[in-house]
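These notes are about the structure you will find just below.
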Amino acid sequence: GAVVSQHPSWVICKSGTSVKIECRSLDFQATTMFWYRQFPKQSLMLMATSNEGSKATYEQGVEKDKFLINHASLTLSTLTVTSAHPEDSSFYICSAGTYNNEQFFGPGTRLTVL
Amino acid sequence: KNQVEQSPQSLIILEGKNCTLQCNYTVSPFSNLRWYKQDTGRGPVSLTIMTFSENTKSNGRYTATLDADTKQSSLHITASQLSDSASYICVVPHLALSRSNDYKLSFGAGTTVTVRA
């Protein structure tokens with residue numbers, strides 16, 4: 001149980017385009033979903049926290065208009081990187097939180113912006 | 001400030017040998033400490049979750065210890081295998097003061113373990 005999936009697992013796009021990443025909790029309902037970014041040889045950095053049906057809470061320094069988060073249901077959250085640029089290239093990881101504050105991480109999405 | 005520090009940054013061990021990773025934290029109030037394994041290009045996978053009342057917890061060849069008084073934890077890998085090569089991350093939740101009842105995770109920088117045949 002407690003499986004979280006992400007799609008796509010990797011994506012390559014041209015600079016200026018938008019990319020949508022999906023995060024799904026497959027066998028449980030997530031009260032909260034989290035989006036992280038991880039650069040090479042660094043730890044995960046929280047970008048935003050989202051609760052189903054409400055606006056996401058962004059961490060300081062994360063542009064909410066650039067990283068659009070939609071949390072339409074208890075099993076699905078999406079992150080859209082708008083007008084992507086090479087500096088947005090990174091490993092994006094979502095996690096789904098349960099009622100007892102445990103988080104289960106997705107397998108990650110590798111974004112490469114050319 | 002809520003911080004999680006891990007050591008060593010990296011280590012190389014021979015297959016079949018044991019190793020121990022360290023984690024020191026300053027998170028307060030403390031509720032639990034988690035060890036994750038992250039393979040290259042993958043998301044973190046939970047190994048153990050320890051509450052303040054637990055001193056030792058095992059998951060197969062992985063054994064975690066916790067000293068809540070000194071705020072230290074260790075992860076011991078026994079009889080290492082090539083598949084143990086990964087980054088091991090110590091994580092401690094803390095309350096997000098700006099949002100009551102919400103919590104955030106404080107991540108250590110991780111220890112990269114390389115197991116060689």
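Chain identifiers are assigned as A, B, and so on, following the order in which chains appear in the structure tokens; residues are numbered from 1 within each chain, and ligands are numbered from 1 in order of appearance.
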
Which residues of stretch 74-99 of chain A come within 12 Å of stretch 55-60 of chain A, and what is each one's closest atom pair and distance in Å (one decimal), counting only C-alpha atoms, sorted by chain and residue number, as a tab-separated table?
```
residue	atom	partner	partner_atom	distance
A:Ser77	CA	A:Ala56	CA	10.4
A:Thr78	CA	A:Ala56	CA	11.0
A:Leu79	CA	A:Ala56	CA	10.6
```

Practice problem: Return the neighbours of chain B among the residues of chain A, cut-off 6 Å, counting only C-alpha atoms, as a PyMOL selection string. | Solution: chain A and resi 43+105-108

Which residues, written as a tab-separated table (two decimals) with N, CA and C atoms, in the first residue's frame, have at least one atom at most 6 Å from B:Cys23, with only C-alpha atoms counted and residues fewer than 2 positions away on the same chain left out?
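Final file, part.tsv:
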```
chain	number	residue	atom	x	y	z
B	5	GLU	N	21.70	17.38	10.49
B	5	GLU	CA	23.05	17.24	9.93
B	5	GLU	C	23.44	15.77	9.87
B	6	GLN	N	24.01	15.37	8.76
B	6	GLN	CA	24.39	13.98	8.58
B	6	GLN	C	25.87	13.86	8.32
B	72	GLN	N	20.47	12.47	18.64
B	72	GLN	CA	21.31	11.79	17.66
B	72	GLN	C	20.62	10.50	17.22
B	73	SER	N	20.84	10.16	15.97
B	73	SER	CA	20.33	8.91	15.43
B	73	SER	C	21.41	8.30	14.55
B	74	SER	N	21.35	7.00	14.41
B	74	SER	CA	22.28	6.32	13.52
B	74	SER	C	21.52	5.29	12.70
```

Quiz item: Residues at most 9 Å from A:Gln29, counting only C-alpha atoms, excluding those fewer than 5 positions away in the same chain, as number ranges by chain?
Solution: A: 73-75, 96-98

Quiz item: Which residues, written as a PyMOL selection string, have at least one atom at most 10 Å from stretch 67-69 of chain A, with only C-alpha atoms counted and residues fewer than 5 positions away on the same chain left out?
Solution: chain A and resi 18-22+34-35+47-50+55-58+62+77-84

Go ahead and write the selection's residues with N, CA and C atoms as a PDB file, in the first residue's frame.
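Writing the result to result_4.pdb gives the following:
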```pdb
ATOM      1  N   SER A  18       5.490  25.092 -21.549  1.00  0.00           N
ATOM      2  CA  SER A  18       4.992  24.719 -20.229  1.00  0.00           C
ATOM      3  C   SER A  18       4.941  23.200 -20.108  1.00  0.00           C
ATOM      4  N   VAL A  19       5.194  22.734 -18.923  1.00  0.00           N
ATOM      5  CA  VAL A  19       5.232  21.288 -18.669  1.00  0.00           C
ATOM      6  C   VAL A  19       4.355  20.976 -17.458  1.00  0.00           C
ATOM      7  N   LYS A  20       3.521  19.957 -17.602  1.00  0.00           N
ATOM      8  CA  LYS A  20       2.664  19.542 -16.493  1.00  0.00           C
ATOM      9  C   LYS A  20       3.125  18.196 -15.956  1.00  0.00           C
ATOM     10  N   ILE A  21       3.241  18.129 -14.638  1.00  0.00           N
ATOM     11  CA  ILE A  21       3.636  16.892 -13.970  1.00  0.00           C
ATOM     12  C   ILE A  21       2.493  16.457 -13.062  1.00  0.00           C
ATOM     13  N   GLU A  22       2.116  15.191 -13.162  1.00  0.00           N
ATOM     14  CA  GLU A  22       1.023  14.661 -12.347  1.00  0.00           C
ATOM     15  C   GLU A  22       1.553  13.828 -11.185  1.00  0.00           C
ATOM     16  N   PHE A  34       2.691  17.444  -1.342  1.00  0.00           N
ATOM     17  CA  PHE A  34       3.852  18.324  -1.284  1.00  0.00           C
ATOM     18  C   PHE A  34       4.633  18.210  -2.591  1.00  0.00           C
ATOM     19  N   TRP A  35       5.200  19.310  -3.019  1.00  0.00           N
ATOM     20  CA  TRP A  35       6.066  19.313  -4.197  1.00  0.00           C
ATOM     21  C   TRP A  35       7.462  19.758  -3.796  1.00  0.00           C
ATOM     22  N   MET A  47       8.879  23.054  -2.288  1.00  0.00           N
ATOM     23  CA  MET A  47       8.423  24.172  -3.102  1.00  0.00           C
ATOM     24  C   MET A  47       7.071  24.680  -2.600  1.00  0.00           C
ATOM     25  N   ALA A  48       6.155  23.736  -2.380  1.00  0.00           N
ATOM     26  CA  ALA A  48       4.808  24.152  -2.002  1.00  0.00           C
ATOM     27  C   ALA A  48       4.063  22.996  -1.369  1.00  0.00           C
ATOM     28  N   THR A  49       3.048  23.375  -0.615  1.00  0.00           N
ATOM     29  CA  THR A  49       2.166  22.416   0.039  1.00  0.00           C
ATOM     30  C   THR A  49       0.750  22.679  -0.428  1.00  0.00           C
ATOM     31  N   SER A  50       0.035  21.638  -0.787  1.00  0.00           N
ATOM     32  CA  SER A  50      -1.330  21.859  -1.254  1.00  0.00           C
ATOM     33  C   SER A  50      -2.308  20.916  -0.575  1.00  0.00           C
ATOM     34  N   LYS A  55      -6.051  26.653  -2.240  1.00  0.00           N
ATOM     35  CA  LYS A  55      -4.845  27.150  -2.900  1.00  0.00           C
ATOM     36  C   LYS A  55      -3.594  26.593  -2.227  1.00  0.00           C
ATOM     37  N   ALA A  56      -2.571  26.409  -3.031  1.00  0.00           N
ATOM     38  CA  ALA A  56      -1.315  25.899  -2.494  1.00  0.00           C
ATOM     39  C   ALA A  56      -0.588  26.970  -1.695  1.00  0.00           C
ATOM     40  N   THR A  57       0.183  26.536  -0.746  1.00  0.00           N
ATOM     41  CA  THR A  57       1.032  27.435   0.031  1.00  0.00           C
ATOM     42  C   THR A  57       2.454  27.272  -0.457  1.00  0.00           C
ATOM     43  N   TYR A  58       3.028  28.350  -0.971  1.00  0.00           N
ATOM     44  CA  TYR A  58       4.354  28.297  -1.560  1.00  0.00           C
ATOM     45  C   TYR A  58       5.421  28.701  -0.553  1.00  0.00           C
ATOM     46  N   VAL A  62       9.733  30.795  -4.050  1.00  0.00           N
ATOM     47  CA  VAL A  62       9.137  29.999  -5.127  1.00  0.00           C
ATOM     48  C   VAL A  62       8.022  30.822  -5.772  1.00  0.00           C
ATOM     49  N   SER A  77      -2.654  15.587  -7.732  1.00  0.00           N
ATOM     50  CA  SER A  77      -2.146  16.956  -7.714  1.00  0.00           C
ATOM     51  C   SER A  77      -1.281  17.130  -8.950  1.00  0.00           C
ATOM     52  N   THR A  78      -1.324  18.313  -9.531  1.00  0.00           N
ATOM     53  CA  THR A  78      -0.487  18.580 -10.698  1.00  0.00           C
ATOM     54  C   THR A  78       0.367  19.811 -10.466  1.00  0.00           C
ATOM     55  N   LEU A  79       1.559  19.769 -11.019  1.00  0.00           N
ATOM     56  CA  LEU A  79       2.490  20.899 -10.995  1.00  0.00           C
ATOM     57  C   LEU A  79       2.760  21.282 -12.437  1.00  0.00           C
ATOM     58  N   THR A  80       2.486  22.513 -12.788  1.00  0.00           N
ATOM     59  CA  THR A  80       2.767  23.001 -14.127  1.00  0.00           C
ATOM     60  C   THR A  80       3.884  24.027 -14.055  1.00  0.00           C
ATOM     61  N   VAL A  81       4.957  23.733 -14.752  1.00  0.00           N
ATOM     62  CA  VAL A  81       6.063  24.678 -14.852  1.00  0.00           C
ATOM     63  C   VAL A  81       5.796  25.524 -16.087  1.00  0.00           C
ATOM     64  N   THR A  82       5.465  26.775 -15.883  1.00  0.00           N
ATOM     65  CA  THR A  82       5.101  27.637 -17.011  1.00  0.00           C
ATOM     66  C   THR A  82       6.327  28.353 -17.558  1.00  0.00           C
ATOM     67  N   SER A  83       6.353  28.516 -18.889  1.00  0.00           N
ATOM     68  CA  SER A  83       7.456  29.204 -19.561  1.00  0.00           C
ATOM     69  C   SER A  83       8.794  28.723 -19.001  1.00  0.00           C
ATOM     70  N   ALA A  84       9.004  27.440 -19.135  1.00  0.00           N
ATOM     71  CA  ALA A  84      10.196  26.831 -18.546  1.00  0.00           C
ATOM     72  C   ALA A  84      11.482  27.364 -19.174  1.00  0.00           C
TER      73      ALA A  84
END
```
